[in-house]
Every structure is written in C-alpha cells, then in structure tokens.
file entry36.cif (mmCIF, C-alpha atoms)
data_coords
loop_
_atom_site.label_atom_id
_atom_site.label_comp_id
_atom_site.auth_asym_id
_atom_site.auth_seq_id
_atom_site.Cartn_x
_atom_site.Cartn_y
_atom_site.Cartn_z
CA MET K 1 -0.48 28.02 -58.09
CA LYS K 2 -4.10 29.15 -58.39
CA LYS K 3 -5.43 32.05 -56.36
CA LEU K 4 -8.95 32.99 -55.29
CA VAL K 5 -9.46 36.40 -53.68
CA LEU K 6 -12.57 37.04 -51.60
CA LEU K 7 -13.42 40.70 -51.05
CA ARG K 8 -16.23 41.82 -48.79
CA HIS K 9 -17.76 45.06 -50.07
CA GLY K 10 -16.65 48.32 -48.53
CA GLU K 11 -18.64 49.90 -45.73
CA SER K 12 -22.21 50.61 -46.83
CA GLU K 13 -24.45 53.41 -45.59
CA TRP K 14 -26.30 50.88 -43.43
CA ASN K 15 -23.04 49.42 -42.13
CA LYS K 16 -22.22 52.96 -41.02
CA GLU K 17 -25.63 53.24 -39.33
CA ASN K 18 -25.22 49.72 -37.84
CA LYS K 19 -28.38 48.39 -39.50
CA PHE K 20 -29.23 44.89 -40.65
CA THR K 21 -29.00 45.12 -44.44
CA GLY K 22 -29.45 41.71 -46.08
CA TRP K 23 -30.97 41.99 -49.55
CA THR K 24 -31.76 45.71 -49.16
CA ASP K 25 -29.81 47.46 -51.92
CA VAL K 26 -27.92 50.27 -50.20
CA GLU K 27 -25.05 52.46 -51.38
CA LEU K 28 -21.44 52.41 -50.27
CA SER K 29 -20.55 55.08 -47.74
CA PRO K 30 -17.68 57.46 -48.56
CA LYS K 31 -15.51 55.30 -46.30
CA GLY K 32 -16.68 52.22 -48.23
CA VAL K 33 -15.66 53.79 -51.52
CA GLU K 34 -12.20 54.45 -50.10
CA GLU K 35 -11.98 50.90 -48.72
CA ALA K 36 -12.79 49.49 -52.16
CA ARG K 37 -10.17 51.66 -53.83
CA GLU K 38 -7.58 50.73 -51.19
CA ALA K 39 -8.32 47.05 -51.79
CA GLY K 40 -7.61 47.57 -55.47
CA LYS K 41 -4.36 49.38 -54.72
CA THR K 42 -3.31 46.58 -52.37
CA LEU K 43 -4.07 43.88 -54.93
CA LYS K 44 -2.21 45.79 -57.63
CA ALA K 45 0.81 46.21 -55.37
CA GLN K 46 0.74 42.46 -54.69
CA GLY K 47 0.89 41.79 -58.44
CA PHE K 48 -2.56 40.29 -58.94
CA ALA K 49 -3.90 40.07 -62.49
CA PHE K 50 -7.37 38.55 -62.47
CA ASP K 51 -8.80 36.46 -65.29
CA MET K 52 -12.41 37.10 -64.30
CA ALA K 53 -14.57 38.20 -61.38
CA PHE K 54 -17.85 37.28 -59.74
CA THR K 55 -20.23 39.39 -57.67
CA SER K 56 -23.79 39.59 -56.39
CA TYR K 57 -26.87 41.49 -57.59
CA LEU K 58 -26.39 44.16 -54.89
CA LYS K 59 -24.74 47.44 -55.76
CA ARG K 60 -22.52 47.69 -52.69
CA ALA K 61 -20.69 44.57 -53.90
CA ILE K 62 -20.85 45.53 -57.59
CA LYS K 63 -19.44 49.00 -56.95
CA THR K 64 -16.73 47.61 -54.69
CA LEU K 65 -15.68 45.34 -57.54
CA TRP K 66 -15.74 48.22 -60.04
CA LEU K 67 -13.65 50.48 -57.82
CA ALA K 68 -11.09 47.80 -56.99
CA LEU K 69 -10.70 46.81 -60.64
CA GLU K 70 -10.47 50.47 -61.67
CA GLU K 71 -7.52 50.93 -59.33
CA MET K 72 -5.92 47.86 -60.93
CA ASP K 73 -6.71 48.99 -64.50
CA GLN K 74 -8.52 45.67 -64.96
CA MET K 75 -12.10 46.82 -65.56
CA TRP K 76 -12.05 45.01 -68.89
CA ILE K 77 -12.05 41.49 -67.42
CA PRO K 78 -15.28 39.40 -67.62
CA VAL K 79 -17.61 39.91 -64.63
CA TYR K 80 -20.41 37.51 -63.74
CA LYS K 81 -23.26 38.36 -61.37
CA SER K 82 -25.54 36.04 -59.43
CA TRP K 83 -28.20 36.39 -56.76
CA ARG K 84 -26.62 33.32 -55.16
CA LEU K 85 -23.77 35.57 -53.97
CA ASN K 86 -26.19 37.98 -52.26
CA GLU K 87 -25.95 38.62 -48.55
CA LYS K 88 -27.99 36.49 -46.15
CA HIS K 89 -31.61 37.69 -46.13
CA TYR K 90 -32.36 39.07 -42.67
CA GLY K 91 -36.15 39.01 -42.97
CA MET K 92 -37.93 41.47 -40.71
CA LEU K 93 -34.63 42.58 -39.15
CA GLN K 94 -33.65 44.42 -42.35
CA GLY K 95 -33.45 48.14 -41.68
CA LEU K 96 -33.31 47.79 -37.88
CA ASN K 97 -30.37 49.13 -35.89
CA LYS K 98 -28.39 46.20 -34.47
CA ALA K 99 -27.51 47.76 -31.12
CA GLU K 100 -31.04 49.13 -30.57
CA THR K 101 -32.50 45.72 -31.41
CA ALA K 102 -30.14 44.18 -28.85
CA GLU K 103 -31.32 46.73 -26.27
CA LYS K 104 -34.91 45.64 -26.93
CA TYR K 105 -34.52 41.87 -27.21
CA GLY K 106 -31.16 41.21 -25.52
CA ASP K 107 -27.70 40.39 -26.87
CA GLU K 108 -28.31 36.64 -26.82
CA LYS K 109 -31.50 36.80 -28.87
CA VAL K 110 -30.04 39.13 -31.49
CA LEU K 111 -26.84 37.07 -31.69
CA MET K 112 -29.02 34.03 -32.40
CA TRP K 113 -30.86 35.86 -35.22
CA ARG K 114 -27.65 37.32 -36.58
CA ARG K 115 -25.27 34.39 -36.30
CA SER K 116 -27.18 31.16 -35.61
CA PHE K 117 -26.26 28.58 -38.21
CA ASP K 118 -29.79 27.28 -38.75
CA ILE K 119 -32.26 29.62 -37.00
CA PRO K 120 -33.44 32.44 -39.31
CA PRO K 121 -35.01 35.75 -38.24
CA SER K 122 -38.78 36.26 -38.70
CA GLU K 123 -39.88 36.24 -42.34
CA ILE K 124 -40.76 39.41 -44.20
CA PRO K 125 -44.49 39.15 -45.09
CA ALA K 126 -45.34 38.03 -48.63
CA ASP K 127 -47.35 41.24 -49.21
CA ASP K 128 -44.60 43.56 -47.96
CA ASP K 129 -43.33 45.67 -50.87
CA ARG K 130 -39.76 45.01 -49.65
CA HIS K 131 -40.15 41.29 -50.41
CA PRO K 132 -37.65 40.22 -53.10
CA LYS K 133 -40.42 38.73 -55.25
CA PHE K 134 -41.43 42.30 -56.18
CA ASP K 135 -37.88 43.18 -57.32
CA PRO K 136 -37.38 42.79 -61.10
CA ARG K 137 -33.82 41.51 -60.70
CA TYR K 138 -35.27 38.32 -59.16
CA ALA K 139 -38.13 37.89 -61.61
CA GLU K 140 -36.61 34.79 -63.21
CA LEU K 141 -36.19 32.92 -59.92
CA LYS K 142 -38.52 30.10 -58.98
CA PRO K 143 -40.89 31.02 -56.14
CA GLU K 144 -39.13 28.59 -53.79
CA GLU K 145 -35.79 30.26 -54.54
CA VAL K 146 -36.88 33.71 -53.35
CA PRO K 147 -36.21 34.02 -49.61
CA ALA K 148 -38.32 35.85 -47.07
CA THR K 149 -35.58 35.21 -44.50
CA GLU K 150 -32.47 33.05 -44.22
CA ALA K 151 -30.17 31.43 -41.71
CA LEU K 152 -26.50 31.04 -42.64
CA LYS K 153 -27.30 27.41 -43.49
CA ASP K 154 -29.79 28.59 -46.15
CA THR K 155 -27.29 31.09 -47.57
CA ILE K 156 -24.69 28.35 -47.94
CA GLU K 157 -27.18 25.94 -49.54
CA ARG K 158 -28.07 28.39 -52.32
CA LEU K 159 -24.44 29.46 -52.70
CA ILE K 160 -22.74 26.07 -53.13
CA PRO K 161 -24.42 25.18 -56.47
CA TYR K 162 -22.98 28.42 -57.86
CA TRP K 163 -19.55 27.60 -56.47
CA ASP K 164 -19.62 24.10 -57.92
CA GLY K 165 -21.16 25.11 -61.24
CA GLU K 166 -19.46 28.42 -62.01
CA ILE K 167 -16.67 29.61 -59.73
CA LYS K 168 -14.84 26.32 -59.20
CA PRO K 169 -14.73 25.50 -62.96
CA ALA K 170 -13.46 29.03 -63.63
CA LEU K 171 -10.68 28.52 -61.10
CA GLN K 172 -9.82 25.17 -62.67
CA ALA K 173 -9.49 26.85 -66.07
CA HIS K 174 -7.71 30.03 -64.94
CA ASN K 175 -5.15 31.17 -62.39
CA GLN K 176 -6.64 34.16 -60.55
CA ILE K 177 -10.29 34.78 -59.70
CA LEU K 178 -11.84 37.63 -57.69
CA VAL K 179 -15.15 37.31 -55.83
CA ALA K 180 -16.63 40.55 -54.42
CA ALA K 181 -19.62 39.79 -52.24
CA HIS K 182 -20.91 39.98 -48.66
CA GLY K 183 -20.03 38.92 -45.14
CA ASN K 184 -22.28 35.88 -45.00
CA SER K 185 -22.05 34.69 -48.59
CA LEU K 186 -18.27 34.86 -48.32
CA ARG K 187 -18.36 33.06 -44.98
CA GLY K 188 -20.28 30.33 -46.77
CA ILE K 189 -17.43 29.94 -49.27
CA VAL K 190 -14.88 29.97 -46.45
CA LYS K 191 -16.72 27.27 -44.51
CA TYR K 192 -16.93 25.10 -47.60
CA LEU K 193 -13.29 25.54 -48.64
CA LYS K 194 -11.84 25.06 -45.13
CA ASN K 195 -14.34 22.44 -44.00
CA MET K 196 -15.08 24.51 -40.92
CA SER K 197 -17.57 23.40 -38.28
CA GLU K 198 -20.78 25.32 -37.61
CA ALA K 199 -19.27 26.73 -34.42
CA GLU K 200 -16.08 27.80 -36.20
CA ILE K 201 -17.86 29.66 -39.01
CA ILE K 202 -20.29 31.36 -36.62
CA ALA K 203 -17.28 32.83 -34.78
CA PHE K 204 -15.43 33.82 -37.98
CA ASN K 205 -15.65 37.46 -39.08
CA ILE K 206 -14.73 39.03 -42.41
CA PRO K 207 -13.97 42.78 -42.32
CA THR K 208 -15.04 45.12 -45.11
CA GLY K 209 -12.58 45.91 -47.88
CA ILE K 210 -9.77 43.55 -46.84
CA PRO K 211 -8.66 41.07 -49.56
CA TYR K 212 -8.74 37.46 -48.37
CA VAL K 213 -6.47 35.25 -50.50
CA PHE K 214 -6.78 31.48 -50.97
CA GLU K 215 -3.98 29.60 -52.73
CA PHE K 216 -4.55 26.18 -54.34
CA ASP K 217 -2.43 23.67 -56.17
CA ASP K 218 -3.41 22.63 -59.71
CA GLU K 219 -5.83 19.99 -58.32
CA LEU K 220 -7.51 22.74 -56.23
CA ASN K 221 -6.24 21.43 -52.93
CA LEU K 222 -6.07 24.33 -50.50
CA VAL K 223 -2.47 25.27 -49.73
CA LYS K 224 -2.94 28.36 -47.57
CA ASP K 225 -5.26 31.30 -46.90
CA GLU K 226 -4.57 34.74 -45.49
CA PHE K 227 -5.88 38.28 -45.31
CA ILE K 228 -3.64 40.88 -46.91
CA GLY K 229 -2.70 43.64 -44.49
CA ASP K 230 -1.40 44.37 -41.02
CA PRO K 231 -2.41 41.49 -38.72
CA GLU K 232 -3.20 43.71 -35.73
CA THR K 233 -5.36 46.03 -37.83
CA ILE K 234 -7.22 43.07 -39.33
CA LYS K 235 -7.77 41.58 -35.85
CA LYS K 236 -9.30 44.87 -34.64
CA LEU K 237 -11.55 45.07 -37.71
CA MET K 238 -12.74 41.51 -37.12
CA GLU K 239 -13.56 42.37 -33.50
CA GLN K 240 -15.55 45.39 -34.66
CA VAL K 241 -17.66 43.16 -36.90
CA ALA K 242 -18.23 40.71 -34.03
CA ASN K 243 -19.37 43.49 -31.68
CA GLN K 244 -21.80 45.28 -34.02
CA ALA K 245 -24.95 43.74 -32.49
CA LYS K 246 -24.12 44.24 -28.82
CA LYS K 247 -26.06 46.63 -26.61
CA LYS K 248 -24.59 50.11 -26.28
#
call {"tool": "encode", "arguments": {"input": "entry36.cif", "output": "structure tokens"}}
result
Amino acid sequence: MKKLVLLRHGESEWNKENKFTGWTDVELSPKGVEEAREAGKTLKAQGFAFDMAFTSYLKRAIKTLWLALEEMDQMWIPVYKSWRLNEKHYGMLQGLNKAETAEKYGDEKVLMWRRSFDIPPSEIPADDDRHPKFDPRYAELKPEEVPATEALKDTIERLIPYWDGEIKPALQAHNQILVAAHGNSLRGIVKYLKNMSEAEIIAFNIPTGIPYVFEFDDELNLVKDEFIGDPETIKKLMEQVANQAKKK
C-alpha cells in the first residue's frame, strides 16, 4: 500500500488577520507553528516514515514541513521545492482583508473571486513591485509562467505537470510521500486524484495543519482518503475556512 499525505501549512500571520495571501511570502503565526508541530506528532504516532517530501517556494509551507519532520525526527529525508506547488495567485486581492472586502463588494462577488473555478481576480500591474517577476526565486521562469493573477483552473494547470513529472513517479518508486503546500494547490491535487467536478472542488475545504492521507494500491489506484483527527473538529475547521470571506 502506497500513501500520500497532503499537509496544508499551519496558520500564517495573514490567515490570522483574514487576508488574501496568495504568493505573498508571510510567516507562520505562533498558532501555525504549533499546528505544524502537532501534525508531525500525529504522523509520528500513526507510524509514518516518509521517503521524501515536496513543498512550495513559500516559507509558510517550507517551515510547516520542517517543523512536522522535526517532530518525526525525519529532517534528513530529501525535500524538493517547486513554484508549481505555490498557492493560487490572488492578484490585486493580495493583502486585503477578506471580510472587509466582502463588506465593500458583497459576499457573492468576493466568493466568485475567491472560489470561482475559472474567473480570476484583477491582475496585479506589471510595474507593481509585488509582481512575482521581480522576485529572484522566480527568475528562471518563462514570462508566460509568471502569474499576475490566477483562478483555481490556472493553479491546477500549472500544478498537474509537476504531479505527473515529479510527485507521481516518486510515489511509484517509494511507499510514503509528504506534500506540504497550500489550500488551493492541494485542492488541485485532490480534484485530480478524486476526479471531482468543478462544483465539488469549489465546495471542498482543507483546514490548516491537518494531515490528509491518500492510500493507493501498487498501480496507484486510489483505495481511500481521509483526514487524520477527530471528525467533528475537522468539520468545524472546514466550516471556518469556508466562512472566512463572509461579511462580519
């Protein structure tokens, strides 16, 4: 049996402030640090021993991975980073408070920007110093690969080549793989693996710091998937994620 664990980073400082984050590189909050450590303790208690791990270029995911692996005494395993695992780029919404933006534009409009499958928020201007093209970590990307905004559809399209080319072959060759990334990039993997519809994935929420385990047979046919933890607690955490962008 092969196992893939998806781990959304712990709460970030902007999660705590209820801001759209996207590709903005923000720190974990103290709560996020604890969530990451608790995820590691949970995985250790469940007997996981990972062969390798994958994460994004953003430090909230990288540090979550570090902290979880530290709790497991597995910091020595190979770790691979890719911009393709980054969060969805939220364009001009990045840095705005979700609830305040909903107050200004309405719940329906913000929900469309936040969760529409194929309608992205407004682009960040090309001359804005927050544009990813000015960030050295993306210097090797082709101009057309650097987003100024993204819908979930765009996030999935840049993610799947990395799944097919790197993560899937690793899972074929090994037994246990850990991916620490972000709400939308992980939802892209979930949609792909479970063949979910656009409506299903739009309604699906991944809470911070809760390990999500996929089990496959040796031919990588999905056998089952489940979050590790108390079902009622996980349900409440999912509801909190869903309600982040509603008016106060």
call {"tool": "atom_distance", "arguments": {"input": "entry36.cif", "atom1": "atom CA of Pro207 of chain K", "atom2": "atom CA of Gly183 of chain K"}}
result
7.7 Å
call {"tool": "closest_residue", "arguments": {"input": "entry36.cif", "among": "K:Glu17, K:Leu237, K:Glu219, K:Pro161", "to": "Glu100 of chain K", "atoms": "all atoms listed in the file"}}
result
K:Glu17
call {"tool": "resolve_selection", "arguments": {"input": "entry36.cif", "expression": "the PyMOL selection byres ((chain K and resi 48) around 10)", "output": "PyMOL selection string"}}
result
chain K and resi 3+5+40+42-47+49-51+72+176-178
call {"tool": "closest_residue", "arguments": {"input": "entry36.cif", "among": "K:Gly22, K:Lys63, K:Ile206, K:Leu85", "to": "Tyr162 of chain K", "atoms": "all atoms listed in the file"}}
result
K:Leu85
call {"tool": "closest_residue", "arguments": {"input": "entry36.cif", "among": "K:Thr233, K:Val33, K:Gly95, K:Ala203", "to": "Leu111 of chain K", "atoms": "all atoms listed in the file"}}
result
K:Ala203
call {"tool": "closest_atom_pairs", "arguments": {"input": "entry36.cif", "of": "segment 70-185 of chain K", "to": "segment 192-195 of chain K", "cutoff": "12 Å", "atoms": "only C-alpha atoms", "output": "JSON lines"}}
result
{"residue": "K:Lys153", "atom": "CA", "partner": "K:Tyr192", "partner_atom": "CA", "distance": 11.4}
{"residue": "K:Thr155", "atom": "CA", "partner": "K:Tyr192", "partner_atom": "CA", "distance": 12.0}
{"residue": "K:Ile156", "atom": "CA", "partner": "K:Tyr192", "partner_atom": "CA", "distance": 8.4}
{"residue": "K:Glu157", "atom": "CA", "partner": "K:Tyr192", "partner_atom": "CA", "distance": 10.5}
{"residue": "K:Leu159", "atom": "CA", "partner": "K:Tyr192", "partner_atom": "CA", "distance": 10.1}
{"residue": "K:Ile160", "atom": "CA", "partner": "K:Tyr192", "partner_atom": "CA", "distance": 8.1}
{"residue": "K:Pro161", "atom": "CA", "partner": "K:Tyr192", "partner_atom": "CA", "distance": 11.6}
{"residue": "K:Trp163", "atom": "CA", "partner": "K:Tyr192", "partner_atom": "CA", "distance": 9.6}
{"residue": "K:Asp164", "atom": "CA", "partner": "K:Tyr192", "partner_atom": "CA", "distance": 10.7}
{"residue": "K:Lys168", "atom": "CA", "partner": "K:Leu193", "partner_atom": "CA", "distance": 10.7}
{"residue": "K:Ser185", "atom": "CA", "partner": "K:Tyr192", "partner_atom": "CA", "distance": 10.9}
call {"tool": "atom_distance", "arguments": {"input": "entry36.cif", "atom1": "atom CA of Ile202 of chain K", "atom2": "atom CA of Arg60 of chain K"}}
result
23.0 Å
call {"tool": "atom_distance", "arguments": {"input": "entry36.cif", "atom1": "atom CA of Thr149 of chain K", "atom2": "atom CA of Ser122 of chain K"}}
result
6.7 Å
call {"tool": "closest_residue", "arguments": {"input": "entry36.cif", "among": "K:Val110, K:Ala148, K:Ala180, K:Ala170", "to": "Tyr57 of chain K", "atoms": "only C-alpha atoms"}}
result
K:Ala180
call {"tool": "closest_residue", "arguments": {"input": "entry36.cif", "among": "K:Phe227, K:Tyr212, K:Trp83, K:Trp23", "to": "Glu145 of chain K", "atoms": "all atoms listed in the file"}}
result
K:Trp83
call {"tool": "residues_around", "arguments": {"input": "entry36.cif", "residues": "Met52 of chain K", "least_positions_apart": "3", "cutoff": "10 Å", "atoms": "only C-alpha atoms", "output": "PyMOL selection string"}}
result
chain K and resi 49+74-80+167+170-171+174-179
call {"tool": "resolve_selection", "arguments": {"input": "entry36.cif", "expression": "the PyMOL selection byres ((chain K and resi 109) around 12)", "output": "VMD selection string"}}
result
chain K and resid 98 to 99 101 to 108 110 to 116 119 to 121 245 to 247
